[in-house]
Amino acid sequence: MQLSRLTVQSAIRTGCIRFYSQTGDTIPATDSSAAATADVRHPAKSKLGGRNFVDYMRCTAIGGAGGNGCVSFFRDTMVANGPPNGGNGGNGGSVWLEVDDNETSLSCVKRQLKARSGGNGQGKSMHGAGGKDLTVKVPKGTIVREIMPEQSPTSEIPEKGFLNTLVNEIERDQREYRQSKESWFVHYPQWEDRNELSKVRLPPEFKAFKWELDHPQQLHIDLTEQGQRALVARGGLGGLGNPHFISPTERQPHYALRGLPGQRRIIELELKTIADVGLVGMPNAGKSTFLSAVSNAHPKIAPYPFTTLNPYIGTVDFRDTFQLTIADIPGLVPGAHKNIGLGHSFLRHIERSRVLVYIVDVSGEAPWNDLLALQQELDLYHKGLSSRPSLVIANKADTGEVARKNFEQWQQQTSIPLIPISAKFRKNILKATHAIRQLVDQ
């Protein structure tokens, strides 16, 4: 089979042809232009935008605009002045958030969530196509809050320029919504000054939607169930064609209704991990090692502080098919309630845990002071958080005589359940998991 020179060059450029030497080794195809190397892409990194775990972000949700109605009249060889036959515009798409258990981070949520606009109406009573809804998958435990234009940005988010730009856009759109009634209509060519619109009544659904745009209700939604959906930006209504404005006094209306713009909201998304048990401890206390020993999770484990930089959730399976989820929270340091260390970024993930398990390195000096420091940080961040059902896992209890003496002394002066374990060698793990289950069942 003979191939043209252009076909061969195109196949080489797209990687469809490979050359082989007599020894069977692949000889890479070369091209004089740099276009061949430009086609190499990294979809995973591009999809995430270079971001890793994200549990707090702000974005803007924009509903699709409705299509305009059409001003058209039936014309035929024997019909000079036929009746109006303009089609309606399609409704704009809406923006939805939907809970998906497969999502664990907000990293794939874009800064701008915009649904598609509806199509314009056409002649011969052809209506415009409706805009497609935009559904964004978010993890379970996502809280959706709307930021009103009059609210000032908080110090936690350093995106003041981005937020001010969005606020200015919303205020500009609101001014456009309040324009005179004439701007709501599409006119037949050269009929802008001849159309009498003073007595035209707008459809009630258009008035209601316009009032909703001018008086938005602030959103505050907690997404906690699989498949739960939340409407964050409603699409605009499609305009009506000129047949809808026929009246006894107006048989040939030369105007149609424009489509309405979709809602535009600035929303903040905050992820609070939902788990039955939350692991709390100082850095390098062995939380990740304990989680990997009792569950199916595989967090990073290393002999230095702050190995865990984002929460991990593992599932513990019991023989009677009972399951419970455990969340590994990055290590806390004194002053975490003031956003020192990882601070507020991960303290929020403890709020939803029903049971708190303190992982304490019992081989250190005065390990009971670590427990007091952890409880104090939790109470300073959220009053009463440390009063939830809890127990203490005394990790590294097999490291020497110091650990044994500390455990015996600590056991005599505390009323909190204290269980010695060795997470690294998986000693006494079964007793710890059954004690955790008893607290969860209560």
# chains A, B, ... in the order shown; residues from 1 in each chain; ligands from 1
>>> closest_atom_pairs(of="region 219-295 of chain A", to="region 74-87 of chain A", cutoff="7 Å", atoms="only C-alpha atoms", output="tab-separated table")
residue	atom	partner	partner_atom	distance
A:Gly241	CA	A:Gly86	CA	4.8
A:Asn242	CA	A:Gly86	CA	5.6
A:Pro243	CA	A:Pro84	CA	5.3
A:Gln252	CA	A:Pro84	CA	6.6
>>> select_by_dssp(residues="region 280-419 of chain A", states="helix (DSSP H, G or I)", output="tab-separated table (two decimals) with N, CA and C atoms, in the first residue's frame")
chain	number	residue	atom	x	y	z
A	287	LYS	N	-0.65	8.98	65.03
A	287	LYS	CA	-2.04	8.92	64.59
A	287	LYS	C	-2.17	8.18	63.26
A	288	SER	N	-1.31	8.52	62.31
A	288	SER	CA	-1.38	7.87	61.00
A	288	SER	C	-1.04	6.39	61.11
A	289	THR	N	-0.07	6.05	61.97
A	289	THR	CA	0.28	4.64	62.16
A	289	THR	C	-0.89	3.87	62.75
A	290	PHE	N	-1.59	4.48	63.71
A	290	PHE	CA	-2.76	3.83	64.31
A	290	PHE	C	-3.87	3.65	63.29
A	291	LEU	N	-4.11	4.67	62.45
A	291	LEU	CA	-5.16	4.58	61.45
A	291	LEU	C	-4.86	3.47	60.45
A	292	SER	N	-3.62	3.37	60.00
A	292	SER	CA	-3.26	2.32	59.04
A	292	SER	C	-3.33	0.93	59.67
A	293	ALA	N	-3.18	0.85	61.01
A	293	ALA	CA	-3.22	-0.45	61.68
A	293	ALA	C	-4.64	-0.97	61.88
A	294	VAL	N	-5.62	-0.08	62.00
A	294	VAL	CA	-6.98	-0.51	62.32
A	294	VAL	C	-7.94	-0.40	61.15
A	336	ALA	N	-3.12	26.47	68.25
A	336	ALA	CA	-3.80	26.12	67.01
A	336	ALA	C	-5.11	26.88	66.86
A	337	HIS	N	-5.76	27.21	67.98
A	337	HIS	CA	-7.02	27.96	67.90
A	337	HIS	C	-6.81	29.37	67.36
A	338	LYS	N	-5.55	29.85	67.41
A	338	LYS	CA	-5.20	31.16	66.84
A	338	LYS	C	-4.67	31.02	65.42
A	344	HIS	N	-6.80	26.57	62.00
A	344	HIS	CA	-8.20	26.46	61.62
A	344	HIS	C	-8.40	25.58	60.40
A	345	SER	N	-7.35	25.43	59.59
A	345	SER	CA	-7.50	24.66	58.35
A	345	SER	C	-8.02	23.26	58.62
A	346	PHE	N	-7.68	22.68	59.78
A	346	PHE	CA	-8.07	21.30	60.04
A	346	PHE	C	-8.80	21.12	61.36
A	347	LEU	N	-8.83	22.13	62.22
A	347	LEU	CA	-9.65	22.02	63.42
A	347	LEU	C	-11.13	21.87	63.07
A	348	ARG	N	-11.53	22.42	61.92
A	348	ARG	CA	-12.94	22.32	61.52
A	348	ARG	C	-13.36	20.89	61.27
A	349	HIS	N	-12.40	20.01	60.94
A	349	HIS	CA	-12.75	18.63	60.62
A	349	HIS	C	-13.07	17.82	61.87
A	350	ILE	N	-12.80	18.35	63.04
A	350	ILE	CA	-13.10	17.63	64.28
A	350	ILE	C	-14.53	17.90	64.74
A	367	PRO	N	3.36	12.90	79.62
A	367	PRO	CA	2.41	12.84	78.49
A	367	PRO	C	1.03	13.39	78.85
A	368	TRP	N	0.66	13.40	80.14
A	368	TRP	CA	-0.65	13.93	80.51
A	368	TRP	C	-0.76	15.42	80.22
A	369	ASN	N	0.37	16.11	80.17
A	369	ASN	CA	0.33	17.53	79.80
A	369	ASN	C	-0.06	17.71	78.33
A	370	ASP	N	0.33	16.75	77.49
A	370	ASP	CA	-0.09	16.81	76.09
A	370	ASP	C	-1.60	16.70	75.97
A	371	LEU	N	-2.21	15.83	76.78
A	371	LEU	CA	-3.66	15.70	76.75
A	371	LEU	C	-4.35	16.98	77.18
A	372	LEU	N	-3.85	17.61	78.25
A	372	LEU	CA	-4.44	18.86	78.70
A	372	LEU	C	-4.31	19.95	77.65
A	373	ALA	N	-3.16	19.99	76.98
A	373	ALA	CA	-2.97	21.00	75.93
A	373	ALA	C	-3.92	20.78	74.76
A	374	LEU	N	-4.14	19.53	74.38
A	374	LEU	CA	-5.06	19.23	73.29
A	374	LEU	C	-6.49	19.62	73.65
A	375	GLN	N	-6.93	19.27	74.85
A	375	GLN	CA	-8.28	19.62	75.28
A	375	GLN	C	-8.47	21.13	75.36
A	376	GLN	N	-7.45	21.82	75.78
A	376	GLN	CA	-7.55	23.28	75.88
A	376	GLN	C	-7.68	23.91	74.50
A	377	GLU	N	-6.92	23.41	73.53
A	377	GLU	CA	-7.00	23.96	72.18
A	377	GLU	C	-8.38	23.71	71.57
A	378	LEU	N	-8.94	22.54	71.83
A	378	LEU	CA	-10.27	22.25	71.30
A	378	LEU	C	-11.32	23.16	71.90
A	379	ASP	N	-11.26	23.41	73.20
A	379	ASP	CA	-12.24	24.27	73.86
A	379	ASP	C	-12.08	25.73	73.44
A	380	LEU	N	-10.85	26.16	73.21
A	380	LEU	CA	-10.65	27.54	72.76
A	380	LEU	C	-11.13	27.74	71.34
A	381	TYR	N	-11.07	26.70	70.52
A	381	TYR	CA	-11.58	26.80	69.15
A	381	TYR	C	-13.10	26.71	69.12
A	385	LEU	N	-16.12	21.43	72.95
A	385	LEU	CA	-15.74	20.38	72.01
A	385	LEU	C	-15.06	19.21	72.71
A	386	SER	N	-14.25	19.51	73.75
A	386	SER	CA	-13.53	18.43	74.44
A	386	SER	C	-14.43	17.63	75.38
A	387	SER	N	-15.67	18.07	75.59
A	387	SER	CA	-16.58	17.34	76.49
A	387	SER	C	-17.29	16.18	75.80
A	401	GLU	N	11.23	1.47	79.80
A	401	GLU	CA	10.79	1.60	81.18
A	401	GLU	C	10.10	2.93	81.43
A	402	VAL	N	10.55	3.98	80.76
A	402	VAL	CA	9.94	5.30	80.95
A	402	VAL	C	8.47	5.26	80.54
A	403	ALA	N	8.16	4.63	79.43
A	403	ALA	CA	6.78	4.54	78.96
A	403	ALA	C	5.93	3.77	79.95
A	404	ARG	N	6.45	2.68	80.52
A	404	ARG	CA	5.68	1.89	81.47
A	404	ARG	C	5.39	2.68	82.74
A	405	LYS	N	6.39	3.41	83.27
A	405	LYS	CA	6.17	4.20	84.49
A	405	LYS	C	5.20	5.35	84.23
A	406	ASN	N	5.33	6.00	83.08
A	406	ASN	CA	4.40	7.09	82.76
A	406	ASN	C	2.96	6.58	82.68
A	407	PHE	N	2.78	5.42	82.08
A	407	PHE	CA	1.42	4.88	81.95
A	407	PHE	C	0.84	4.54	83.32
A	408	GLU	N	1.62	3.91	84.19
A	408	GLU	CA	1.11	3.55	85.52
A	408	GLU	C	0.79	4.80	86.33
A	409	GLN	N	1.62	5.81	86.25
A	409	GLN	CA	1.35	7.05	86.99
A	409	GLN	C	0.13	7.76	86.44
A	410	TRP	N	0.00	7.77	85.13
A	410	TRP	CA	-1.13	8.46	84.49
A	410	TRP	C	-2.44	7.74	84.78
A	411	GLN	N	-2.42	6.45	84.81
A	411	GLN	CA	-3.63	5.66	85.05
A	411	GLN	C	-4.21	5.91	86.43
A	412	GLN	N	-3.36	6.26	87.37
A	412	GLN	CA	-3.81	6.50	88.74
A	412	GLN	C	-4.44	7.87	88.92
>>> closest_residue(among="A:Ile266, A:Ala285, A:Leu197, A:Ile429", to="Val232 (chain A)", atoms="only C-alpha atoms")
A:Ile266
>>> closest_atom_pairs(of="region 336-401 of chain A", to="region 270-282 of chain A", cutoff="6 Å", atoms="only C-alpha atoms", output="CSV")
residue,atom,partner,partner_atom,distance
A:Arg348,CA,A:Lys272,CA,5.9
A:His349,CA,A:Lys272,CA,4.7
A:Ile350,CA,A:Gly278,CA,6.0
A:Arg352,CA,A:Ile274,CA,5.7
A:Ser353,CA,A:Asp276,CA,5.2
A:Arg354,CA,A:Asp276,CA,5.4
A:Val355,CA,A:Val277,CA,4.8
A:Leu356,CA,A:Gly278,CA,5.0
A:Val357,CA,A:Leu279,CA,5.0
A:Tyr358,CA,A:Val280,CA,4.8
A:Ile359,CA,A:Gly281,CA,5.0
>>> closest_residue(among="A:Leu439, A:Val392, A:Ile62, A:Leu134", to="Thr414 (chain A)", atoms="only C-alpha atoms")
A:Val392
>>> closest_residue(among="A:Pro417, A:Gly141, A:Gly227, A:Gly93", to="Gly66 (chain A)", atoms="only C-alpha atoms")
A:Gly93
>>> residues_around(residues="region 312-319 of chain A", least_positions_apart="4", cutoff="7 Å", atoms="only C-alpha atoms", output="PDB file with N, CA and C atoms, in the first residue's frame")
ATOM      1  N   LEU A 291      -4.107   4.673  62.453  1.00  0.00           N
ATOM      2  CA  LEU A 291      -5.164   4.576  61.451  1.00  0.00           C
ATOM      3  C   LEU A 291      -4.863   3.472  60.447  1.00  0.00           C
ATOM      4  N   VAL A 294      -5.616  -0.079  61.997  1.00  0.00           N
ATOM      5  CA  VAL A 294      -6.980  -0.513  62.324  1.00  0.00           C
ATOM      6  C   VAL A 294      -7.942  -0.397  61.153  1.00  0.00           C
ATOM      7  N   SER A 295      -7.572   0.278  60.061  1.00  0.00           N
ATOM      8  CA  SER A 295      -8.519   0.533  58.977  1.00  0.00           C
ATOM      9  C   SER A 295      -7.873   0.220  57.634  1.00  0.00           C
ATOM     10  N   ASN A 296      -8.628   0.528  56.588  1.00  0.00           N
ATOM     11  CA  ASN A 296      -8.149   0.301  55.231  1.00  0.00           C
ATOM     12  C   ASN A 296      -7.445   1.512  54.645  1.00  0.00           C
ATOM     13  N   ALA A 297      -7.205   2.553  55.434  1.00  0.00           N
ATOM     14  CA  ALA A 297      -6.540   3.756  54.943  1.00  0.00           C
ATOM     15  C   ALA A 297      -5.027   3.554  54.914  1.00  0.00           C
ATOM     16  N   PRO A 299      -2.365   6.305  55.018  1.00  0.00           N
ATOM     17  CA  PRO A 299      -1.755   7.639  55.057  1.00  0.00           C
ATOM     18  C   PRO A 299      -0.233   7.549  55.055  1.00  0.00           C
ATOM     19  N   GLN A 323     -19.520  -1.248  60.815  1.00  0.00           N
ATOM     20  CA  GLN A 323     -18.465  -0.387  60.300  1.00  0.00           C
ATOM     21  C   GLN A 323     -18.501   0.950  61.014  1.00  0.00           C
ATOM     22  N   LEU A 324     -17.329   1.530  61.186  1.00  0.00           N
ATOM     23  CA  LEU A 324     -17.224   2.897  61.681  1.00  0.00           C
ATOM     24  C   LEU A 324     -16.076   3.582  60.950  1.00  0.00           C
ATOM     25  N   THR A 325     -16.201   4.891  60.809  1.00  0.00           N
ATOM     26  CA  THR A 325     -15.198   5.674  60.079  1.00  0.00           C
ATOM     27  C   THR A 325     -14.353   6.467  61.067  1.00  0.00           C
ATOM     28  N   ILE A 326     -13.062   6.526  60.789  1.00  0.00           N
ATOM     29  CA  ILE A 326     -12.107   7.236  61.632  1.00  0.00           C
ATOM     30  C   ILE A 326     -11.384   8.261  60.769  1.00  0.00           C
ATOM     31  N   ALA A 327     -11.321   9.485  61.262  1.00  0.00           N
ATOM     32  CA  ALA A 327     -10.648  10.572  60.544  1.00  0.00           C
ATOM     33  C   ALA A 327      -9.332  10.901  61.228  1.00  0.00           C
ATOM     34  N   ASP A 328      -8.260  10.881  60.459  1.00  0.00           N
ATOM     35  CA  ASP A 328      -6.936  11.250  60.952  1.00  0.00           C
ATOM     36  C   ASP A 328      -6.723  12.735  60.690  1.00  0.00           C
TER      37      ASP A 328
END
>>> residues_around(residues="region 123-132 of chain A", least_positions_apart="6", cutoff="8 Å", atoms="only C-alpha atoms", output="list in words")
Gly64, Gly66, Gly67, Cys70, Val71, Ser72, Phe73, Phe74, Asn85, Gly86, Gly87, Asn88, Gly89, Gly90, Asn91, Gly92, Gly93, Ser94, Ala115, Arg116 and Ser117 of chain A
>>> write_last_selection(atoms="N, CA, C and O atoms", output="CSV table (one decimal), in the first residue's frame")
chain,number,residue,atom,x,y,z
A,64,GLY,N,-27.3,30.3,33.6
A,64,GLY,CA,-27.4,30.7,32.2
A,64,GLY,C,-28.5,31.7,31.9
A,64,GLY,O,-29.6,31.6,32.5
A,66,GLY,N,-31.5,33.4,29.9
A,66,GLY,CA,-32.6,33.0,29.0
A,66,GLY,C,-32.5,33.5,27.6
A,66,GLY,O,-32.0,34.7,27.4
A,67,GLY,N,-32.9,32.8,26.6
A,67,GLY,CA,-32.9,33.3,25.2
A,67,GLY,C,-33.9,34.3,24.9
A,67,GLY,O,-35.0,34.3,25.6
A,70,CYS,N,-38.6,35.8,19.7
A,70,CYS,CA,-38.4,36.3,18.3
A,70,CYS,C,-39.6,37.1,17.8
A,70,CYS,O,-40.8,36.8,18.1
A,71,VAL,N,-39.3,38.1,17.0
A,71,VAL,CA,-40.4,38.9,16.4
A,71,VAL,C,-40.4,38.4,14.9
A,71,VAL,O,-39.5,38.7,14.1
A,72,SER,N,-41.4,37.7,14.5
A,72,SER,CA,-41.5,37.1,13.2
A,72,SER,C,-43.0,37.1,12.8
A,72,SER,O,-43.9,37.0,13.6
A,73,PHE,N,-43.2,37.1,11.4
A,73,PHE,CA,-44.5,37.0,10.9
A,73,PHE,C,-44.6,36.0,9.8
A,73,PHE,O,-43.6,35.8,9.0
A,74,PHE,N,-45.7,35.3,9.6
A,74,PHE,CA,-45.9,34.4,8.6
A,74,PHE,C,-46.0,35.1,7.2
A,74,PHE,O,-46.8,36.0,7.1
A,85,ASN,N,-45.6,34.7,14.2
A,85,ASN,CA,-45.1,33.3,14.5
A,85,ASN,C,-43.7,33.2,15.1
A,85,ASN,O,-43.0,32.3,14.8
A,86,GLY,N,-43.4,34.2,15.9
A,86,GLY,CA,-42.1,34.1,16.5
A,86,GLY,C,-42.0,33.1,17.7
A,86,GLY,O,-43.0,33.0,18.5
A,87,GLY,N,-40.9,32.4,17.8
A,87,GLY,CA,-40.8,31.4,18.8
A,87,GLY,C,-40.3,32.0,20.2
A,87,GLY,O,-39.8,33.1,20.2
A,88,ASN,N,-40.4,31.2,21.2
A,88,ASN,CA,-40.0,31.6,22.6
A,88,ASN,C,-38.5,31.3,22.7
A,88,ASN,O,-38.0,30.4,22.1
A,89,GLY,N,-37.8,32.0,23.6
A,89,GLY,CA,-36.5,31.7,23.9
A,89,GLY,C,-36.4,30.6,25.0
A,89,GLY,O,-37.3,30.4,25.8
A,90,GLY,N,-35.3,29.9,24.9
A,90,GLY,CA,-35.1,28.8,25.9
A,90,GLY,C,-34.7,29.3,27.3
A,90,GLY,O,-34.0,30.3,27.4
A,91,ASN,N,-35.1,28.5,28.3
A,91,ASN,CA,-34.6,28.9,29.7
A,91,ASN,C,-33.1,28.6,29.8
A,91,ASN,O,-32.6,27.6,29.3
A,92,GLY,N,-32.5,29.4,30.6
A,92,GLY,CA,-31.1,29.2,30.9
A,92,GLY,C,-30.9,28.0,31.9
A,92,GLY,O,-31.7,27.7,32.7
A,93,GLY,N,-29.7,27.4,31.8
A,93,GLY,CA,-29.4,26.3,32.7
A,93,GLY,C,-29.1,26.8,34.1
A,93,GLY,O,-28.7,28.0,34.4
A,94,SER,N,-29.3,26.0,35.1
A,94,SER,CA,-29.0,26.3,36.5
A,94,SER,C,-27.7,25.6,37.0
A,94,SER,O,-27.3,24.6,36.4
A,115,ALA,N,-23.5,28.0,34.1
A,115,ALA,CA,-24.3,27.1,33.3
A,115,ALA,C,-24.5,27.7,31.9
A,115,ALA,O,-24.2,28.9,31.6
A,116,ARG,N,-25.0,26.9,31.0
A,116,ARG,CA,-25.2,27.4,29.6
A,116,ARG,C,-26.5,28.2,29.4
A,116,ARG,O,-27.5,28.0,30.1
A,117,SER,N,-26.4,29.1,28.5
A,117,SER,CA,-27.6,30.0,28.2
A,117,SER,C,-28.6,29.3,27.3
A,117,SER,O,-28.2,28.4,26.6
>>> residues_around(residues="Leu269 (chain A)", least_positions_apart="5", cutoff="9 Å", atoms="only C-alpha atoms", output="list in words")
Asp55, Tyr56, Met57, Arg58, Cys59, Leu106, Thr142, Ile143, Val144, Arg145 and Glu146 of chain A
>>> write_last_selection(atoms="N, CA, C and O atoms", output="CSV table (one decimal), in the first residue's frame")
chain,number,residue,atom,x,y,z
A,55,ASP,N,-10.1,22.5,51.4
A,55,ASP,CA,-11.3,22.3,52.2
A,55,ASP,C,-12.0,23.7,52.4
A,55,ASP,O,-13.0,23.7,53.2
A,56,TYR,N,-11.6,24.7,51.7
A,56,TYR,CA,-12.2,26.0,51.9
A,56,TYR,C,-11.9,26.8,50.6
A,56,TYR,O,-10.7,26.9,50.2
A,57,MET,N,-12.9,27.3,50.0
A,57,MET,CA,-12.7,28.1,48.8
A,57,MET,C,-13.9,29.0,48.5
A,57,MET,O,-15.0,28.8,49.1
A,58,ARG,N,-13.7,30.0,47.7
A,58,ARG,CA,-14.8,30.9,47.3
A,58,ARG,C,-14.9,30.9,45.8
A,58,ARG,O,-13.8,30.8,45.1
A,59,CYS,N,-16.1,30.9,45.3
A,59,CYS,CA,-16.3,30.9,43.8
A,59,CYS,C,-17.5,31.6,43.5
A,59,CYS,O,-18.3,32.0,44.4
A,106,LEU,N,-12.3,19.7,47.6
A,106,LEU,CA,-12.9,20.7,46.8
A,106,LEU,C,-11.9,21.2,45.7
A,106,LEU,O,-12.2,22.2,45.1
A,142,THR,N,-19.9,19.2,52.9
A,142,THR,CA,-19.7,20.5,52.4
A,142,THR,C,-20.8,21.5,52.9
A,142,THR,O,-21.9,21.2,52.7
A,143,ILE,N,-20.4,22.6,53.4
A,143,ILE,CA,-21.3,23.7,53.8
A,143,ILE,C,-21.2,24.8,52.7
A,143,ILE,O,-20.1,25.3,52.4
A,144,VAL,N,-22.4,25.2,52.3
A,144,VAL,CA,-22.5,26.3,51.2
A,144,VAL,C,-23.0,27.5,51.9
A,144,VAL,O,-24.1,27.5,52.5
A,145,ARG,N,-22.3,28.6,51.8
A,145,ARG,CA,-22.8,29.9,52.3
A,145,ARG,C,-22.6,30.9,51.2
A,145,ARG,O,-21.7,30.9,50.4
A,146,GLU,N,-23.6,31.8,51.1
A,146,GLU,CA,-23.6,32.9,50.2
A,146,GLU,C,-23.0,34.2,50.8
A,146,GLU,O,-23.3,34.5,52.0
>>> closest_residue(among="A:Thr135, A:Asn428, A:Ser183, A:Gln218", to="Met148 (chain A)", atoms="only C-alpha atoms")
A:Gln218
>>> residues_around(residues="Gly259 (chain A)", least_positions_apart="2", cutoff="9 Å", atoms="only C-alpha atoms", output="list in words")
Ala65, Gly66, Gly67, Asn68, Gly69, Gly89, Gly90, Asn91, Gly92, Gly118, Asn120, Trp184, Phe185, Gly236, Leu237, Gly238, Gly239, Leu240, Leu257 and Pro261 of chain A
>>> closest_residue(among="A:Ala394, A:Ser415, A:Glu212, A:Asp441", to="Arg264 (chain A)", atoms="only C-alpha atoms")
A:Glu212
>>> select_by_dssp(residues="region 199-335 of chain A", states="strand (DSSP E or B)", output="count of residues only")
39
